[in-house]
Amino acid sequence: MSGHSKFANIKHKKEKNDAKRGKIFTVIGREIAVAVKEGGPDPANNSKLRDVIAKAKANNMPNDTIDRGIKKAAGNIDAVNYVSCTYEGYGPSGTAIIVEALTDNKNRTASNVRNAFTKGNGNVGTTGCVSYMFDQKGQIIVDREEYEADADEFMMLALDAGAEDFNEEEDSYEILTAPEDFSAVREALEKENVPMVQAEITMIPQNYVALASDEDKKMFGRIMDLLDEDDDVQNVYHNVEEE
């Protein structure tokens with residue numbers, strides 16, 4: 001149960017996202033559209049859509065906004081065809097960065113991502129150049145302030161549901177699953193009314209790297225800001241040891 005949870009950073013990101021709700025709702029809206037196109041509009045028969053809905057709720061997206069997104073996607077199956085693409089590269093101090101995007105124009109997205117790396121003294125590499133430094137996991141974060149439970153009992157609940165690991169932090173619990181077990185574990189916790197700050201499949205770095213200088217910190221921040229401003233970018237993973 002070694003702790004590598006970054007709940008303080010997750011809270012910081014949530015606050016940042018709350019200030020930019022348009023961005024996070026755009027991201028989730030695209031994921032809803034893709035999920036509906038791939039598996040239909042009924043969450044009962046579409047586990048990917050159920051997972052996206054859970055992510056939407058964790059980010060405080062209103063139910064009517066979720067429902068509108070599903071109906072819009074169901075009524076426009078031939079509308080925008082989003083393509084999933086992933087970019088890997090290096091930031092300052094040799095840090096590793098993975099960018100996941102959903103786009104209707106791969107050339108535009110590739111150009112924007114490359115520009116973000118370049119302006120932050122980084123560079124985009126080849127497929128697989130840094131992803132081997134990360135493990136794909138289902139990750140569920142629960143705020144201890146929102147969920148009062150006996151830690152040992154909660155751990156047993158999570159492990160019995162199929163979780164791989166349970167980390168107890170000062171202000172949070174982190175539950176990790178194999179990607180294929182994520183939906184089942186999340187739904188088991190949902191049935192027990194466990195509130196989730198974050199619930200999604202993510203990339204967790206095997207090791208963290210410290211930025212070597214203030215200039216590198218500034219440049220890394222530039223890359224993150226530019227990627228955050230791009231509506232095509234869905235997720236950004238990195239191995240920077242955040243302060």
# chains A, B, ... in the order shown; residues from 1 in each chain; ligands from 1
>>> closest_atom_pairs(of="segment 85-120 of chain A", to="segment 205-220 of chain A", cutoff="9 Å", atoms="only C-alpha atoms", output="tab-separated table")
residue	atom	partner	partner_atom	distance
A:Gly91	CA	A:Phe220	CA	6.3
A:Pro92	CA	A:Asp216	CA	5.3
A:Ser93	CA	A:Leu211	CA	5.7
A:Gly94	CA	A:Val209	CA	8.3
A:Thr95	CA	A:Val209	CA	6.4
A:Ala96	CA	A:Val209	CA	8.7
A:Phe117	CA	A:Phe220	CA	8.7
A:Lys119	CA	A:Met219	CA	7.6
A:Gly120	CA	A:Met219	CA	4.3
>>> write_last_selection(atoms="all heavy atoms", output="compact mmCIF listing (two decimals), in the first residue's frame")
# COMPACT_ATOMS: atom_id res chain seq x y z
N GLY A 91 9.47 16.56 -21.91
CA GLY A 91 9.45 17.95 -21.46
C GLY A 91 10.80 18.32 -20.88
O GLY A 91 11.77 17.57 -21.01
N PRO A 92 10.91 19.48 -20.24
CA PRO A 92 12.16 19.90 -19.61
C PRO A 92 12.64 18.87 -18.59
O PRO A 92 11.84 18.14 -18.00
CB PRO A 92 11.78 21.22 -18.93
CG PRO A 92 10.55 21.69 -19.63
CD PRO A 92 9.82 20.46 -20.06
N SER A 93 13.95 18.80 -18.39
CA SER A 93 14.58 17.86 -17.45
C SER A 93 14.35 16.40 -17.82
O SER A 93 14.45 15.52 -16.97
CB SER A 93 14.09 18.10 -16.01
OG SER A 93 14.33 19.42 -15.58
N GLY A 94 14.02 16.15 -19.09
CA GLY A 94 13.82 14.78 -19.54
C GLY A 94 12.54 14.14 -19.03
O GLY A 94 12.41 12.92 -18.99
N THR A 95 11.59 14.97 -18.62
CA THR A 95 10.33 14.45 -18.11
C THR A 95 9.51 13.82 -19.24
O THR A 95 9.65 14.18 -20.40
CB THR A 95 9.50 15.56 -17.44
OG1 THR A 95 9.42 16.69 -18.32
CG2 THR A 95 10.18 16.01 -16.15
N ALA A 96 8.66 12.86 -18.86
CA ALA A 96 7.84 12.13 -19.83
C ALA A 96 6.42 12.66 -19.82
O ALA A 96 5.83 12.89 -18.77
CB ALA A 96 7.86 10.65 -19.49
N PHE A 117 4.69 21.51 -27.10
CA PHE A 117 5.96 20.94 -26.65
C PHE A 117 7.13 21.87 -27.00
O PHE A 117 7.99 22.15 -26.16
CB PHE A 117 6.19 19.58 -27.31
CG PHE A 117 5.57 18.42 -26.57
CD1 PHE A 117 4.22 18.13 -26.70
CD2 PHE A 117 6.33 17.61 -25.74
CE1 PHE A 117 3.64 17.07 -26.04
CE2 PHE A 117 5.77 16.54 -25.06
CZ PHE A 117 4.42 16.26 -25.20
N LYS A 119 7.22 25.13 -27.57
CA LYS A 119 7.24 26.39 -26.82
C LYS A 119 7.68 26.18 -25.36
O LYS A 119 8.06 27.14 -24.70
CB LYS A 119 5.87 27.06 -26.88
CG LYS A 119 5.58 27.67 -28.25
CD LYS A 119 4.34 28.53 -28.24
CE LYS A 119 4.20 29.26 -29.58
NZ LYS A 119 2.98 30.11 -29.62
N GLY A 120 7.62 24.93 -24.89
CA GLY A 120 8.06 24.64 -23.53
C GLY A 120 9.39 23.91 -23.50
O GLY A 120 9.70 23.22 -22.51
>>> residues_around(residues="Tyr82 of chain A", least_positions_apart="2", cutoff="12 Å", atoms="only C-alpha atoms", output="PyMOL selection string")
chain A and resi 27+29-38+73+77-80+84-85+101-106+109+232-234
>>> write_last_selection(atoms="C-alpha atoms", output="PDB file, in the first residue's frame")
ATOM      1  CA  VAL A  27     -13.810  16.966 -22.946  1.00  0.00           C
ATOM      2  CA  GLY A  29     -19.030  15.715 -24.048  1.00  0.00           C
ATOM      3  CA  ARG A  30     -16.715  14.291 -26.696  1.00  0.00           C
ATOM      4  CA  GLU A  31     -16.197  11.139 -24.650  1.00  0.00           C
ATOM      5  CA  ILE A  32     -19.986  10.761 -24.381  1.00  0.00           C
ATOM      6  CA  ALA A  33     -20.336  11.157 -28.157  1.00  0.00           C
ATOM      7  CA  VAL A  34     -17.705   8.481 -28.825  1.00  0.00           C
ATOM      8  CA  ALA A  35     -19.176   6.099 -26.236  1.00  0.00           C
ATOM      9  CA  VAL A  36     -22.695   6.468 -27.667  1.00  0.00           C
ATOM     10  CA  LYS A  37     -21.458   5.963 -31.219  1.00  0.00           C
ATOM     11  CA  GLU A  38     -19.554   2.810 -30.223  1.00  0.00           C
ATOM     12  CA  ALA A  73     -25.003  11.954 -29.829  1.00  0.00           C
ATOM     13  CA  ILE A  77     -24.680   9.264 -35.269  1.00  0.00           C
ATOM     14  CA  ASP A  78     -23.303  10.547 -38.588  1.00  0.00           C
ATOM     15  CA  ALA A  79     -22.333  13.989 -37.267  1.00  0.00           C
ATOM     16  CA  VAL A  80     -18.785  14.707 -36.093  1.00  0.00           C
ATOM     17  CA  SER A  84      -8.662   9.063 -30.910  1.00  0.00           C
ATOM     18  CA  CYS A  85      -4.931   9.804 -31.088  1.00  0.00           C
ATOM     19  CA  ALA A 101      -6.820  13.612 -27.851  1.00  0.00           C
ATOM     20  CA  LEU A 102     -10.180  13.211 -29.560  1.00  0.00           C
ATOM     21  CA  THR A 103     -10.267  15.192 -32.779  1.00  0.00           C
ATOM     22  CA  ASP A 104     -12.054  15.705 -36.081  1.00  0.00           C
ATOM     23  CA  ASN A 105      -8.817  17.011 -37.637  1.00  0.00           C
ATOM     24  CA  LYS A 106      -5.660  15.040 -36.825  1.00  0.00           C
ATOM     25  CA  THR A 109      -4.252  18.505 -33.348  1.00  0.00           C
ATOM     26  CA  ASP A 232      -8.958  18.462 -28.726  1.00  0.00           C
ATOM     27  CA  VAL A 233      -6.798  17.375 -25.778  1.00  0.00           C
ATOM     28  CA  GLN A 234      -8.650  14.995 -23.473  1.00  0.00           C
TER      29      GLN A 234
END
>>> select_by_dssp(residues="segment 47-233 of chain A", states="helix (DSSP H, G or I)", output="NGL selection string")
:A and (47-58 or 63-75 or 92-94 or 106-119 or 131-133 or 151-161 or 179-191 or 214-229)
>>> closest_residue(among="A:Asn239, A:Thr127, A:Gln198, A:Asn107", to="Ser172 of chain A", atoms="only C-alpha atoms")
A:Gln198
>>> residues_around(residues="Asp135 of chain A", least_positions_apart="2", cutoff="10 Å", atoms="only C-alpha atoms", output="mmCIF file with N, CA and C atoms, in the first residue's frame")
data_model
loop_
_atom_site.group_PDB
_atom_site.id
_atom_site.type_symbol
_atom_site.label_atom_id
_atom_site.label_comp_id
_atom_site.auth_asym_id
_atom_site.auth_seq_id
_atom_site.Cartn_x
_atom_site.Cartn_y
_atom_site.Cartn_z
ATOM 1 N N SER A 131 5.679 5.769 -22.990
ATOM 2 C CA SER A 131 4.541 5.076 -22.366
ATOM 3 C C SER A 131 4.975 3.870 -21.537
ATOM 4 N N TYR A 132 6.154 3.320 -21.864
ATOM 5 C CA TYR A 132 6.642 2.173 -21.084
ATOM 6 C C TYR A 132 6.984 2.570 -19.644
ATOM 7 N N MET A 133 7.074 3.868 -19.384
ATOM 8 C CA MET A 133 7.360 4.356 -18.028
ATOM 9 C C MET A 133 6.090 4.490 -17.181
ATOM 10 N N LYS A 137 -3.997 2.071 -15.362
ATOM 11 C CA LYS A 137 -4.773 1.573 -14.237
ATOM 12 C C LYS A 137 -6.122 2.291 -14.160
ATOM 13 N N GLY A 138 -7.100 1.600 -13.615
ATOM 14 C CA GLY A 138 -8.304 2.278 -13.180
ATOM 15 C C GLY A 138 -7.986 2.941 -11.853
ATOM 16 N N ALA A 178 -7.065 -3.110 -12.317
ATOM 17 C CA ALA A 178 -6.692 -3.394 -13.697
ATOM 18 C C ALA A 178 -7.716 -2.693 -14.584
ATOM 19 N N PRO A 179 -7.315 -2.207 -15.772
ATOM 20 C CA PRO A 179 -8.270 -1.482 -16.628
ATOM 21 C C PRO A 179 -9.557 -2.269 -16.884
ATOM 22 N N THR A 202 -6.530 5.717 -16.087
ATOM 23 C CA THR A 202 -5.470 6.719 -16.206
ATOM 24 C C THR A 202 -4.123 6.043 -16.416
ATOM 25 N N MET A 203 -3.107 6.846 -16.592
ATOM 26 C CA MET A 203 -1.731 6.365 -16.734
ATOM 27 C C MET A 203 -0.941 6.844 -15.526
ATOM 28 N N ILE A 204 -0.416 5.907 -14.745
ATOM 29 C CA ILE A 204 0.306 6.241 -13.521
ATOM 30 C C ILE A 204 1.801 6.006 -13.733
ATOM 31 N N PRO A 205 2.631 7.033 -13.508
ATOM 32 C CA PRO A 205 4.077 6.864 -13.724
ATOM 33 C C PRO A 205 4.689 5.894 -12.723
ATOM 34 N N GLN A 206 5.638 5.099 -13.195
ATOM 35 C CA GLN A 206 6.328 4.156 -12.314
ATOM 36 C C GLN A 206 7.300 4.882 -11.395
#
>>> decode(residues="segment 70-104 of chain A", atoms="N, CA and C atoms", output="JSON list (two decimals), in the first residue's frame")
[["chain", "number", "residue", "atom", "x", "y", "z"],
["A", 70, "ILE", "N", -26.06, 12.79, -24.37],
["A", 70, "ILE", "CA", -26.37, 11.44, -24.86],
["A", 70, "ILE", "C", -27.39, 11.52, -25.99],
["A", 71, "LYS", "N", -28.45, 12.31, -25.78],
["A", 71, "LYS", "CA", -29.50, 12.43, -26.80],
["A", 71, "LYS", "C", -28.96, 13.06, -28.09],
["A", 72, "LYS", "N", -28.10, 14.06, -27.93],
["A", 72, "LYS", "CA", -27.51, 14.71, -29.10],
["A", 72, "LYS", "C", -26.66, 13.73, -29.88],
["A", 73, "ALA", "N", -25.86, 12.94, -29.16],
["A", 73, "ALA", "CA", -25.00, 11.95, -29.83],
["A", 73, "ALA", "C", -25.84, 10.87, -30.50],
["A", 74, "ALA", "N", -26.91, 10.44, -29.83],
["A", 74, "ALA", "CA", -27.77, 9.39, -30.38],
["A", 74, "ALA", "C", -28.51, 9.86, -31.62],
["A", 75, "GLY", "N", -28.85, 11.15, -31.64],
["A", 75, "GLY", "CA", -29.58, 11.69, -32.79],
["A", 75, "GLY", "C", -28.70, 12.14, -33.93],
["A", 76, "ASN", "N", -27.39, 12.14, -33.70],
["A", 76, "ASN", "CA", -26.45, 12.59, -34.73],
["A", 76, "ASN", "C", -25.31, 11.58, -34.90],
["A", 77, "ILE", "N", -25.68, 10.32, -35.14],
["A", 77, "ILE", "CA", -24.68, 9.26, -35.27],
["A", 77, "ILE", "C", -23.70, 9.57, -36.41],
["A", 78, "ASP", "N", -24.17, 10.26, -37.44],
["A", 78, "ASP", "CA", -23.30, 10.55, -38.59],
["A", 78, "ASP", "C", -22.72, 11.96, -38.54],
["A", 79, "ALA", "N", -22.84, 12.61, -37.38],
["A", 79, "ALA", "CA", -22.33, 13.99, -37.27],
["A", 79, "ALA", "C", -20.81, 13.99, -37.21],
["A", 80, "VAL", "N", -20.24, 14.61, -36.19],
["A", 80, "VAL", "CA", -18.79, 14.71, -36.09],
["A", 80, "VAL", "C", -18.21, 13.34, -35.74],
["A", 81, "ASN", "N", -17.21, 12.93, -36.50],
["A", 81, "ASN", "CA", -16.56, 11.64, -36.27],
["A", 81, "ASN", "C", -15.23, 11.89, -35.59],
["A", 82, "TYR", "N", -15.21, 11.74, -34.27],
["A", 82, "TYR", "CA", -13.98, 11.99, -33.52],
["A", 82, "TYR", "C", -13.04, 10.78, -33.62],
["A", 83, "VAL", "N", -11.78, 11.08, -33.83],
["A", 83, "VAL", "CA", -10.74, 10.05, -33.90],
["A", 83, "VAL", "C", -9.85, 10.19, -32.67],
["A", 84, "SER", "N", -9.54, 9.06, -32.07],
["A", 84, "SER", "CA", -8.66, 9.06, -30.91],
["A", 84, "SER", "C", -7.20, 9.01, -31.35],
["A", 85, "CYS", "N", -6.36, 9.84, -30.77],
["A", 85, "CYS", "CA", -4.93, 9.80, -31.09],
["A", 85, "CYS", "C", -4.12, 10.13, -29.83],
["A", 86, "THR", "N", -2.94, 9.54, -29.77],
["A", 86, "THR", "CA", -2.07, 9.70, -28.61],
["A", 86, "THR", "C", -0.69, 10.19, -29.05],
["A", 87, "TYR", "N", -0.14, 11.13, -28.30],
["A", 87, "TYR", "CA", 1.19, 11.67, -28.59],
["A", 87, "TYR", "C", 2.06, 11.46, -27.35],
["A", 88, "GLU", "N", 3.31, 11.16, -27.59],
["A", 88, "GLU", "CA", 4.26, 10.97, -26.49],
["A", 88, "GLU", "C", 5.47, 11.85, -26.73],
["A", 89, "GLY", "N", 6.04, 12.34, -25.64],
["A", 89, "GLY", "CA", 7.22, 13.18, -25.83],
["A", 89, "GLY", "C", 7.91, 13.51, -24.52],
["A", 90, "TYR", "N", 8.87, 14.41, -24.64],
["A", 90, "TYR", "CA", 9.72, 14.78, -23.50],
["A", 90, "TYR", "C", 9.56, 16.26, -23.20],
["A", 91, "GLY", "N", 9.47, 16.56, -21.91],
["A", 91, "GLY", "CA", 9.45, 17.95, -21.46],
["A", 91, "GLY", "C", 10.80, 18.32, -20.88],
["A", 92, "PRO", "N", 10.91, 19.48, -20.24],
["A", 92, "PRO", "CA", 12.16, 19.90, -19.61],
["A", 92, "PRO", "C", 12.64, 18.87, -18.59],
["A", 93, "SER", "N", 13.95, 18.80, -18.39],
["A", 93, "SER", "CA", 14.58, 17.86, -17.45],
["A", 93, "SER", "C", 14.35, 16.40, -17.82],
["A", 94, "GLY", "N", 14.02, 16.15, -19.09],
["A", 94, "GLY", "CA", 13.82, 14.78, -19.54],
["A", 94, "GLY", "C", 12.54, 14.14, -19.03],
["A", 95, "THR", "N", 11.59, 14.97, -18.62],
["A", 95, "THR", "CA", 10.33, 14.45, -18.11],
["A", 95, "THR", "C", 9.51, 13.82, -19.24],
["A", 96, "ALA", "N", 8.66, 12.86, -18.86],
["A", 96, "ALA", "CA", 7.84, 12.13, -19.83],
["A", 96, "ALA", "C", 6.42, 12.66, -19.82],
["A", 97, "ILE", "N", 5.86, 12.85, -21.03],
["A", 97, "ILE", "CA", 4.50, 13.40, -21.17],
["A", 97, "ILE", "C", 3.74, 12.58, -22.20],
["A", 98, "ILE", "N", 2.51, 12.20, -21.85],
["A", 98, "ILE", "CA", 1.61, 11.52, -22.78],
["A", 98, "ILE", "C", 0.37, 12.39, -22.95],
["A", 99, "VAL", "N", -0.04, 12.60, -24.20],
["A", 99, "VAL", "CA", -1.21, 13.42, -24.50],
["A", 99, "VAL", "C", -2.23, 12.57, -25.26],
["A", 100, "GLU", "N", -3.45, 12.50, -24.73],
["A", 100, "GLU", "CA", -4.54, 11.81, -25.41],
["A", 100, "GLU", "C", -5.51, 12.84, -25.96],
["A", 101, "ALA", "N", -5.93, 12.65, -27.21],
["A", 101, "ALA", "CA", -6.82, 13.61, -27.85],
["A", 101, "ALA", "C", -7.96, 12.91, -28.57],
["A", 102, "LEU", "N", -9.08, 13.61, -28.69],
["A", 102, "LEU", "CA", -10.18, 13.21, -29.56],
["A", 102, "LEU", "C", -10.38, 14.36, -30.53],
["A", 103, "THR", "N", -10.27, 14.09, -31.82],
["A", 103, "THR", "CA", -10.27, 15.19, -32.78],
["A", 103, "THR", "C", -11.00, 14.84, -34.06],
["A", 104, "ASP", "N", -11.49, 15.88, -34.74],
["A", 104, "ASP", "CA", -12.05, 15.71, -36.08],
["A", 104, "ASP", "C", -11.07, 16.18, -37.15]]
